[in-house]
$ cat input33.cif   # mmCIF, C-alpha atoms
data_protein
loop_
_atom_site.group_PDB
_atom_site.id
_atom_site.type_symbol
_atom_site.label_atom_id
_atom_site.label_comp_id
_atom_site.auth_asym_id
_atom_site.auth_seq_id
_atom_site.Cartn_x
_atom_site.Cartn_y
_atom_site.Cartn_z
ATOM 1 C CA MET A 1 0.000 0.000 0.000
ATOM 2 C CA ARG A 2 2.763 2.397 0.928
ATOM 3 C CA LYS A 3 4.709 1.602 -2.290
ATOM 4 C CA ALA A 4 1.612 2.335 -4.381
ATOM 5 C CA ARG A 5 1.145 5.690 -2.645
ATOM 6 C CA LEU A 6 4.822 6.581 -3.215
ATOM 7 C CA LEU A 7 4.600 5.657 -6.908
ATOM 8 C CA THR A 8 1.399 7.668 -7.320
ATOM 9 C CA THR A 9 2.954 10.659 -5.587
ATOM 10 C CA ALA A 10 6.067 10.398 -7.782
ATOM 11 C CA ALA A 11 3.938 10.176 -10.938
ATOM 12 C CA LEU A 12 1.945 13.246 -9.894
ATOM 13 C CA ALA A 13 5.149 15.149 -9.147
ATOM 14 C CA VAL A 14 6.558 14.316 -12.594
ATOM 15 C CA ALA A 15 3.302 15.331 -14.281
ATOM 16 C CA SER A 16 3.048 18.596 -12.357
ATOM 17 C CA ALA A 17 6.688 19.428 -13.127
ATOM 18 C CA GLY A 18 5.773 19.374 -16.812
ATOM 19 C CA LEU A 19 8.018 16.485 -17.773
ATOM 20 C CA LEU A 20 5.122 14.718 -19.460
ATOM 21 C CA SER A 21 3.634 17.776 -21.119
ATOM 22 C CA PRO A 22 5.553 17.861 -24.471
ATOM 23 C CA PRO A 23 4.414 14.384 -25.606
ATOM 24 C CA ALA A 24 0.957 15.006 -24.188
ATOM 25 C CA ALA A 25 0.763 18.349 -25.959
ATOM 26 C CA ALA A 26 1.928 16.751 -29.211
ATOM 27 C CA ALA A 27 -0.794 14.114 -28.920
ATOM 28 C CA VAL A 28 -3.460 16.770 -28.341
ATOM 29 C CA LEU A 29 -2.214 18.860 -31.278
ATOM 30 C CA ALA A 30 -2.047 15.833 -33.575
ATOM 31 C CA ALA A 31 -5.584 14.791 -32.623
ATOM 32 C CA GLY A 32 -7.047 18.307 -32.913
ATOM 33 C CA GLY A 33 -4.976 19.591 -35.844
ATOM 34 C CA GLY A 34 -2.546 22.033 -34.241
ATOM 35 C CA LEU A 35 -1.027 25.141 -35.760
ATOM 36 C CA GLU A 36 1.682 24.415 -38.328
ATOM 37 C CA ILE A 37 4.287 27.158 -38.760
ATOM 38 C CA HIS A 38 6.621 27.189 -41.786
ATOM 39 C CA PRO A 39 9.472 27.875 -41.430
ATOM 40 C CA ALA A 40 9.552 27.280 -37.690
ATOM 41 C CA THR A 41 12.852 29.175 -37.270
ATOM 42 C CA VAL A 42 13.196 32.558 -38.974
ATOM 43 C CA MET A 43 15.238 35.729 -39.004
ATOM 44 C CA PRO A 44 13.657 39.147 -38.381
ATOM 45 C CA GLY A 45 12.001 40.454 -41.555
ATOM 46 C CA SER A 46 11.009 36.967 -42.810
ATOM 47 C CA THR A 47 7.542 35.956 -43.984
ATOM 48 C CA VAL A 48 5.934 33.051 -42.098
ATOM 49 C CA THR A 49 3.140 30.780 -43.372
ATOM 50 C CA VAL A 50 0.693 29.412 -40.798
ATOM 51 C CA SER A 51 -1.866 26.652 -41.418
ATOM 52 C CA THR A 52 -4.250 24.488 -39.442
ATOM 53 C CA SER A 53 -6.789 21.760 -40.121
ATOM 54 C CA ALA A 54 -8.505 22.374 -36.764
ATOM 55 C CA CYS A 55 -11.098 24.727 -38.305
ATOM 56 C CA GLY A 56 -12.506 22.079 -40.670
ATOM 57 C CA GLY A 57 -13.340 22.377 -44.357
ATOM 58 C CA GLY A 58 -14.125 25.929 -45.403
ATOM 59 C CA GLY A 59 -13.318 27.288 -41.961
ATOM 60 C CA THR A 60 -11.382 30.459 -41.364
ATOM 61 C CA ALA A 61 -9.389 31.687 -38.408
ATOM 62 C CA SER A 62 -8.017 34.877 -36.986
ATOM 63 C CA GLY A 63 -4.340 34.627 -36.151
ATOM 64 C CA ASP A 64 -2.462 36.511 -33.465
ATOM 65 C CA ALA A 65 1.295 37.029 -33.837
ATOM 66 C CA SER A 66 1.467 40.003 -31.490
ATOM 67 C CA ALA A 67 3.842 38.068 -29.219
ATOM 68 C CA VAL A 68 6.544 38.563 -31.861
ATOM 69 C CA GLY A 69 5.273 42.043 -32.733
ATOM 70 C CA ALA A 70 3.513 41.174 -36.013
ATOM 71 C CA GLY A 71 -0.078 41.819 -34.867
ATOM 72 C CA THR A 72 -3.108 39.950 -36.210
ATOM 73 C CA PHE A 73 -3.573 38.171 -39.530
ATOM 74 C CA THR A 74 -6.288 36.112 -41.266
ATOM 75 C CA LEU A 75 -6.256 32.415 -42.101
ATOM 76 C CA ALA A 76 -8.512 31.577 -45.073
ATOM 77 C CA PRO A 77 -9.486 28.199 -46.547
ATOM 78 C CA SER A 78 -6.614 26.836 -48.605
ATOM 79 C CA THR A 79 -6.946 26.633 -52.382
ATOM 80 C CA ASP A 80 -4.341 23.863 -52.505
ATOM 81 C CA GLU A 81 -5.946 20.522 -53.468
ATOM 82 C CA ASP A 82 -3.584 18.593 -51.164
ATOM 83 C CA HIS A 83 -4.586 20.727 -48.159
ATOM 84 C CA GLU A 84 -8.276 21.421 -48.808
ATOM 85 C CA GLN A 85 -9.133 21.073 -45.106
ATOM 86 C CA ASN A 86 -6.564 23.674 -44.011
ATOM 87 C CA ALA A 87 -6.967 27.338 -43.203
ATOM 88 C CA THR A 88 -3.797 29.160 -44.236
ATOM 89 C CA GLY A 89 -2.400 32.647 -43.665
ATOM 90 C CA GLN A 90 0.834 34.618 -43.581
ATOM 91 C CA PHE A 91 2.480 37.338 -41.535
ATOM 92 C CA LYS A 92 5.816 39.111 -41.598
ATOM 93 C CA VAL A 93 8.137 39.037 -38.589
ATOM 94 C CA PRO A 94 9.123 42.654 -37.899
ATOM 95 C CA PRO A 95 12.789 43.594 -38.453
ATOM 96 C CA SER A 96 12.928 44.717 -34.805
ATOM 97 C CA ALA A 97 11.999 41.246 -33.442
ATOM 98 C CA GLN A 98 14.361 39.946 -30.767
ATOM 99 C CA PRO A 99 15.718 36.364 -30.756
ATOM 100 C CA GLY A 100 13.571 33.921 -28.806
ATOM 101 C CA THR A 101 10.589 31.572 -29.005
ATOM 102 C CA TYR A 102 7.138 33.080 -29.466
ATOM 103 C CA GLU A 103 3.660 31.535 -29.281
ATOM 104 C CA ILE A 104 1.499 32.125 -32.360
ATOM 105 C CA VAL A 105 -2.242 31.590 -31.813
ATOM 106 C CA ALA A 106 -5.184 31.088 -34.191
ATOM 107 C CA LYS A 107 -8.896 31.077 -33.269
ATOM 108 C CA CYS A 108 -11.329 29.324 -35.622
ATOM 109 C CA SER A 109 -14.476 31.034 -36.920
ATOM 110 C CA GLY A 110 -17.194 30.352 -39.471
ATOM 111 C CA SER A 111 -17.297 26.550 -39.178
ATOM 112 C CA GLY A 112 -18.260 23.742 -36.847
ATOM 113 C CA ALA A 113 -15.055 24.435 -34.877
ATOM 114 C CA ASP A 114 -16.079 28.057 -34.131
ATOM 115 C CA GLY A 115 -14.094 29.396 -31.170
ATOM 116 C CA LYS A 116 -11.535 26.571 -31.157
ATOM 117 C CA GLN A 117 -8.044 27.897 -30.453
ATOM 118 C CA VAL A 118 -4.754 26.328 -31.591
ATOM 119 C CA ALA A 119 -1.175 27.471 -31.040
ATOM 120 C CA GLY A 120 2.339 26.829 -32.276
ATOM 121 C CA ASP A 121 5.847 28.069 -31.525
ATOM 122 C CA LEU A 122 7.949 30.312 -33.742
ATOM 123 C CA SER A 123 11.688 30.677 -33.103
ATOM 124 C CA VAL A 124 13.377 33.923 -34.102
ATOM 125 C CA THR A 125 17.144 33.904 -34.523
ATOM 126 C CA ILE A 126 19.605 36.546 -35.667
ATOM 127 C CA THR A 127 21.593 34.159 -37.886
ATOM 128 C CA SER A 128 20.147 31.901 -40.514
ATOM 129 C CA THR A 129 21.148 28.256 -40.505
ATOM 130 C CA ALA A 130 22.320 28.588 -44.131
ATOM 131 C CA ALA A 131 24.520 31.583 -43.249
ATOM 132 C CA ALA A 132 25.901 29.758 -40.211
ATOM 133 C CA ARG A 133 26.794 26.737 -42.356
ATOM 134 C CA GLU A 134 28.408 28.984 -44.972
ATOM 135 C CA GLN A 135 30.520 30.736 -42.336
ATOM 136 C CA GLN A 136 31.741 27.391 -41.002
ATOM 137 C CA GLN A 137 32.812 26.188 -44.482
ATOM 138 C CA VAL A 138 34.890 29.218 -45.492
ATOM 139 C CA ALA A 139 38.591 28.394 -45.702
ATOM 140 C CA PRO A 140 41.018 30.910 -44.180
ATOM 141 C CA LYS A 141 43.077 33.042 -46.571
ATOM 142 C CA GLY A 142 46.142 35.252 -46.250
ATOM 143 C CA HIS A 143 48.913 35.603 -43.698
ATOM 144 C CA VAL A 144 48.609 35.234 -39.969
ATOM 145 C CA LYS A 145 49.983 38.266 -38.146
ATOM 146 C CA THR A 146 51.711 36.716 -35.142
ATOM 147 C CA GLY A 147 54.624 39.124 -34.755
ATOM 148 C CA VAL A 148 57.138 36.460 -35.732
ATOM 149 C CA GLY A 149 58.699 36.839 -39.187
ATOM 150 C CA GLY A 150 58.904 34.040 -41.687
ATOM 151 C CA ALA A 151 62.103 32.438 -42.986
ATOM 152 C CA LEU A 152 61.582 33.984 -46.388
ATOM 153 C CA GLY A 153 60.603 37.526 -45.530
ATOM 154 C CA PRO A 154 59.961 40.312 -48.005
ATOM 155 C CA ASP A 155 63.574 41.638 -47.816
ATOM 156 C CA PRO A 156 66.207 39.244 -49.310
ATOM 157 C CA VAL A 157 69.086 41.219 -47.724
ATOM 158 C CA GLN A 158 67.674 40.650 -44.223
ATOM 159 C CA THR A 159 67.085 36.990 -45.042
ATOM 160 C CA ALA A 160 70.713 36.535 -46.182
ATOM 161 C CA ALA A 161 71.998 38.328 -43.058
ATOM 162 C CA GLY A 162 69.898 36.054 -40.851
ATOM 163 C CA VAL A 163 71.181 32.921 -42.580
ATOM 164 C CA ALA A 164 74.785 34.149 -42.271
ATOM 165 C CA ALA A 165 74.329 34.890 -38.549
ATOM 166 C CA LEU A 166 72.977 31.395 -37.987
ATOM 167 C CA ALA A 167 75.911 29.848 -39.885
ATOM 168 C CA VAL A 168 78.464 31.827 -37.808
ATOM 169 C CA ALA A 169 76.711 30.793 -34.579
ATOM 170 C CA ALA A 170 76.674 27.141 -35.613
ATOM 171 C CA ALA A 171 80.352 27.195 -36.594
ATOM 172 C CA GLY A 172 81.334 28.944 -33.345
ATOM 173 C CA GLY A 173 79.317 26.460 -31.256
ATOM 174 C CA THR A 174 80.934 23.533 -33.043
ATOM 175 C CA TRP A 175 84.438 24.985 -32.508
ATOM 176 C CA LEU A 176 83.765 25.513 -28.749
ATOM 177 C CA LEU A 177 82.448 21.987 -28.318
ATOM 178 C CA HIS A 178 85.466 20.566 -30.183
ATOM 179 C CA ARG A 179 87.925 22.471 -27.932
ATOM 180 C CA ARG A 180 86.083 21.353 -24.813
ATOM 181 C CA ALA A 181 86.226 17.716 -25.936
ATOM 182 C CA ARG A 182 90.009 17.992 -26.401
ATOM 183 C CA GLY A 183 90.434 19.460 -22.930
ATOM 184 C CA ASP A 184 91.572 22.889 -24.028
ATOM 185 C CA ARG A 185 90.579 25.714 -21.719
ATOM 186 C CA ILE A 186 89.003 28.814 -23.038
#
$ encode --input "input33.cif" --output "structure tokens"
Amino acid sequence: MRKARLLTTAALAVASAGLLSPPAAAAVLAAGGGLEIHPATVMPGSTVTVSTSACGGGGTASGDASAVGAGTFTLAPSTDEDHEQNATGQFKVPPSAQPGTYEIVAKCSGSGADGKQVAGDLSVTITSTAAAREQQQVAPKGHVKTGVGGALGPDPVQTAAGVAALAVAAAGGTWLLHRRARGDRI
């Protein structure tokens, strides 16, 4: 009895914490025809298409994108043969929109689903995924300015002087090591 009460309490705690809500919400949206947002991730200034089958055939809806700053818009019955049960509309994300996730809402009207409300999430980002991929694939070009000169610098006189200095140092080091090996004192 006590184990059953503990399991029930744990299940209620998990449910109230919202850990079960994403799959449950997905099931409700799938059953009731949620709000489809295309593309789901956009940059400010982009046009977004919203559609839903929740309003039934011939149904319309009033959309609300004021969360992202776009105001209201209308969803009308789709003329597309593949989506004849959908109400579809568009809105433009304002150029001043800040990055984040925003809830877009549509309320059905003029059909058997009058007053039914559906929602979907729109993500606004400041970089497009295509631009991000392009930036990652660009190969570096040019010289790296590290403060250390290369072996073949722009001045051949300085290069020759550097090579000569290295040769003198190597010869002097070899001569000192040879004297030390013979036991001569410096």
$ residues_around --input "input33.cif" --residues "A:Thr101" --least-positions-apart "3" --cutoff "8 Å" --atoms "all atoms listed in the file" --output "list in words"
Asp121, Leu122, Ser123 and Val124 of chain A
$ atom_distance --input "input33.cif" --atom1 "atom CA of A:Ile37" --atom2 "atom CA of A:Phe73"
13.6 Å
$ atom_distance --input "input33.cif" --atom1 "atom CA of A:Glu36" --atom2 "atom CA of A:Glu103"
11.7 Å
$ resolve_selection --input "input33.cif" --expression "the PyMOL selection byres ((chain A and resi 119) around 8)" --output "PyMOL selection string"
chain A and resi 34-35+103-106+117-118+120-121
$ closest_residue --input "input33.cif" --among "A:Gly56, A:Pro156, A:Gly172, A:Pro77" --to "A:Lys116" --atoms "all atoms listed in the file"
A:Gly56
$ closest_residue --input "input33.cif" --among "A:Cys108, A:Ala61, A:Val42, A:Val50" --to "A:Pro94" --atoms "all atoms listed in the file"
A:Val42
$ atom_distance --input "input33.cif" --atom1 "atom CA of A:His38" --atom2 "atom CA of A:Gln90"
9.6 Å
$ residues_around --input "input33.cif" --residues "A:Thr79" --least-positions-apart "4" --cutoff "12 Å" --atoms "all atoms listed in the file" --output "mmCIF file with C-alpha atoms, in the coordinates of the input"
data_model
loop_
_atom_site.group_PDB
_atom_site.id
_atom_site.type_symbol
_atom_site.label_atom_id
_atom_site.label_comp_id
_atom_site.auth_asym_id
_atom_site.auth_seq_id
_atom_site.Cartn_x
_atom_site.Cartn_y
_atom_site.Cartn_z
ATOM 1 C CA GLY A 57 -13.340 22.377 -44.357
ATOM 2 C CA GLY A 58 -14.125 25.929 -45.403
ATOM 3 C CA LEU A 75 -6.256 32.415 -42.101
ATOM 4 C CA HIS A 83 -4.586 20.727 -48.159
ATOM 5 C CA GLU A 84 -8.276 21.421 -48.808
ATOM 6 C CA GLN A 85 -9.133 21.073 -45.106
ATOM 7 C CA ASN A 86 -6.564 23.674 -44.011
ATOM 8 C CA ALA A 87 -6.967 27.338 -43.203
ATOM 9 C CA THR A 88 -3.797 29.160 -44.236
ATOM 10 C CA GLY A 89 -2.400 32.647 -43.665
#
$ residues_near_point --input "input33.cif" --point "(10.1, 36.1, -27.8)" --cutoff "6 Å" --atoms "all atoms listed in the file" --output "number ranges by chain"
A: 68, 100-102
$ write_last_selection --input "input33.cif" --atoms "C-alpha atoms" --output "PDB file, in the frame of the given file"
ATOM      1  CA  VAL A  68       6.544  38.563 -31.861  1.00  0.00           C
ATOM      2  CA  GLY A 100      13.571  33.921 -28.806  1.00  0.00           C
ATOM      3  CA  THR A 101      10.589  31.572 -29.005  1.00  0.00           C
ATOM      4  CA  TYR A 102       7.138  33.080 -29.466  1.00  0.00           C
TER       5      TYR A 102
END
$ closest_residue --input "input33.cif" --among "A:Gly59, A:Gly71, A:Pro95, A:Gly162" --to "A:Asp114" --atoms "all atoms listed in the file"
A:Gly59
$ resolve_selection --input "input33.cif" --expression "the PyMOL selection byres ((chain A and resi 125) around 6)" --output "PDB file with C-alpha atoms, keeping the file's coordinate frame"
ATOM      1  CA  MET A  43      15.238  35.729 -39.004  1.00  0.00           C
ATOM      2  CA  PRO A  99      15.718  36.364 -30.756  1.00  0.00           C
ATOM      3  CA  VAL A 124      13.377  33.923 -34.102  1.00  0.00           C
ATOM      4  CA  ILE A 126      19.605  36.546 -35.667  1.00  0.00           C
ATOM      5  CA  THR A 127      21.593  34.159 -37.886  1.00  0.00           C
TER       6      THR A 127
END
